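Undergrad: model.pdb (PDB, C-alpha atoms) pasted underneath:
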ATOM      1  CA  MET A   1     131.792 142.814 109.150
ATOM      2  CA  LYS A   2     135.241 142.634 107.613
ATOM      3  CA  VAL A   3     137.379 145.783 107.481
ATOM      4  CA  VAL A   4     138.935 146.422 104.072
ATOM      5  CA  LYS A   5     141.775 148.873 103.615
ATOM      6  CA  TYR A   6     142.149 150.795 100.377
ATOM      7  CA  PHE A   7     144.144 153.614  98.847
ATOM      8  CA  TYR A   8     142.547 156.510  97.026
ATOM      9  CA  LEU A   9     143.457 159.577  95.008
ATOM     10  CA  ASP A  10     141.377 162.737  94.816
ATOM     11  CA  ASP A  11     141.629 164.037  91.280
ATOM     12  CA  GLU A  12     139.794 167.272  90.535
ATOM     13  CA  LYS A  13     136.922 165.484  88.754
ATOM     14  CA  GLN A  14     137.193 161.832  89.849
ATOM     15  CA  TRP A  15     138.058 159.766  92.880
ATOM     16  CA  LEU A  16     140.300 156.801  92.044
ATOM     17  CA  SER A  17     141.067 153.863  94.290
ATOM     18  CA  TYR A  18     142.317 150.294  94.506
ATOM     19  CA  LEU A  19     142.604 147.521  97.043
ATOM     20  CA  PRO A  20     146.155 146.938  98.368
ATOM     21  CA  ASN A  21     146.165 143.229  97.522
ATOM     22  CA  LEU A  22     144.922 143.935  93.960
ATOM     23  CA  PRO A  23     146.580 147.099  92.652
ATOM     24  CA  GLU A  24     145.712 146.220  89.049
ATOM     25  CA  HIS A  25     141.951 146.630  89.706
ATOM     26  CA  TRP A  26     141.159 150.336  89.948
ATOM     27  CA  VAL A  27     137.703 151.778  90.558
ATOM     28  CA  GLN A  28     136.464 155.326  90.194
ATOM     29  CA  GLY A  29     133.617 157.502  91.353
ATOM     30  CA  GLU A  30     132.439 161.066  90.934
ATOM     31  CA  THR A  31     132.033 161.437  94.718
ATOM     32  CA  PHE A  32     133.699 159.784  97.688
ATOM     33  CA  GLU A  33     130.467 157.948  98.457
ATOM     34  CA  ALA A  34     130.249 156.595  94.902
ATOM     35  CA  LEU A  35     133.861 155.472  95.182
ATOM     36  CA  GLN A  36     133.090 153.583  98.385
ATOM     37  CA  VAL A  37     130.132 151.826  96.730
ATOM     38  CA  ASN A  38     132.295 150.804  93.772
ATOM     39  CA  LEU A  39     135.015 149.510  96.123
ATOM     40  CA  TYR A  40     132.405 147.515  98.015
ATOM     41  CA  ARG A  41     131.148 145.990  94.757
ATOM     42  CA  LEU A  42     134.688 145.129  93.638
ATOM     43  CA  ASN A  43     135.508 143.515  96.967
ATOM     44  CA  PHE A  44     132.211 141.585  96.981
ATOM     45  CA  ASP A  45     132.754 140.298  93.437
ATOM     46  CA  LEU A  46     136.299 139.194  94.211
ATOM     47  CA  MET A  47     135.231 137.425  97.414
ATOM     48  CA  LEU A  48     132.442 135.683  95.501
ATOM     49  CA  LEU A  49     134.862 134.495  92.807
ATOM     50  CA  GLU A  50     137.223 133.186  95.463
ATOM     51  CA  ALA A  51     134.397 131.283  97.167
ATOM     52  CA  LEU A  52     133.243 129.782  93.852
ATOM     53  CA  ARG A  53     136.762 128.622  93.033
ATOM     54  CA  LYS A  54     136.886 126.735  96.324
ATOM     55  CA  VAL A  55     133.605 124.992  95.536
ATOM     56  CA  PHE A  56     134.485 123.945  91.995
TER      57      PHE A  56
END
Any chance you could put this one into C-alpha cells?

TA:
Amino acid sequence: MKVVKYFYLDDEKQWLSYLPNLPEHWVQGETFEALQVNLYRLNFDLMLLEALRKVF
C-alpha cells in the first residue's frame, strides 16, 4: 500500500484538504472519515488517469 501525505484544515462545519503535489484539487467532507474517503477517491482517480495516459 502506498502512503499518501495530505494537508487538511478543520473548519467549524467542513474538513478541507488537498494533496501536496496537486494543491489546485481540494476535497471536502463533513467528518474526518468522509474527508479521508474523498482523498482516497481523488488519489485513485488521478493515479488511474496517469496510468491511462501511459497506455494511450

Undergrad: Starting from the shown file, work through the PyMOL selection byres ((chain A and resi 5) around 8) and note down what comes out as a list of chain:residue names.

TA: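 So the PyMOL selection byres ((chain A and resi 5) around 8) ends up selecting A:Val3, A:Val4, A:Tyr6, A:Phe7, A:Leu19, A:Pro20.
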
Undergrad: Restricted to C-alpha atoms, what would the selected residues look like written as a PDB file, keeping the file's coordinate frame?

TA:
ATOM      1  CA  VAL A   3     137.379 145.783 107.481  1.00  0.00           C
ATOM      2  CA  VAL A   4     138.935 146.422 104.072  1.00  0.00           C
ATOM      3  CA  TYR A   6     142.149 150.795 100.377  1.00  0.00           C
ATOM      4  CA  PHE A   7     144.144 153.614  98.847  1.00  0.00           C
ATOM      5  CA  LEU A  19     142.604 147.521  97.043  1.00  0.00           C
ATOM      6  CA  PRO A  20     146.155 146.938  98.368  1.00  0.00           C
TER       7      PRO A  20
END

Undergrad: Measuring atom to atom with all atoms listed in the file, identify which of A:Asp11, A:Val55, A:Ser17, A:Glu24 is nearest to A:Leu39.

TA: A:Ser17

Undergrad: Using all atoms listed in the file, can you tell me which of A:Lys2, A:Asn21, A:Asp45, A:Gln14 comes closest to A:Glu33?

TA: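 Of A:Lys2, A:Asn21, A:Asp45, A:Gln14, the one nearest A:Glu33 is A:Gln14, counting all atoms listed in the file.
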
Undergrad: Would you work out the distance separating atom CA of A:Glu12 from atom CA of A:Leu35, expressed in Å to one decimal?

TA: 14.0 Å

Undergrad: Could you check how far atom CA of A:Tyr18 sits from atom CA of A:Ala34, in Å to one decimal?

TA: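 Going from atom CA of A:Tyr18 over to atom CA of A:Ala34, I get 13.6 Å.
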
Undergrad: Taking all atoms listed in the file into account, which of A:Leu22, A:Leu52, A:Leu9, A:Val27 comes nearest A:Tyr40?

TA: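 Result for the nearest residue to A:Tyr40: A:Val27.
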
Undergrad: Name the closest residue to A:Leu42 among the candidates A:Tyr8, A:Lys13, A:Phe56, A:Gln28; distances are taken between atoms, counting all atoms listed in the file.

TA: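 Smallest distance to A:Leu42 is found for A:Gln28.
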
Undergrad: Kindly give the distance, in Å, that separates atom CA of A:Pro23 and atom CA of A:Leu46, rounded to a single decimal.

TA: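 Computing it gives 13.1 Å between the two atoms.
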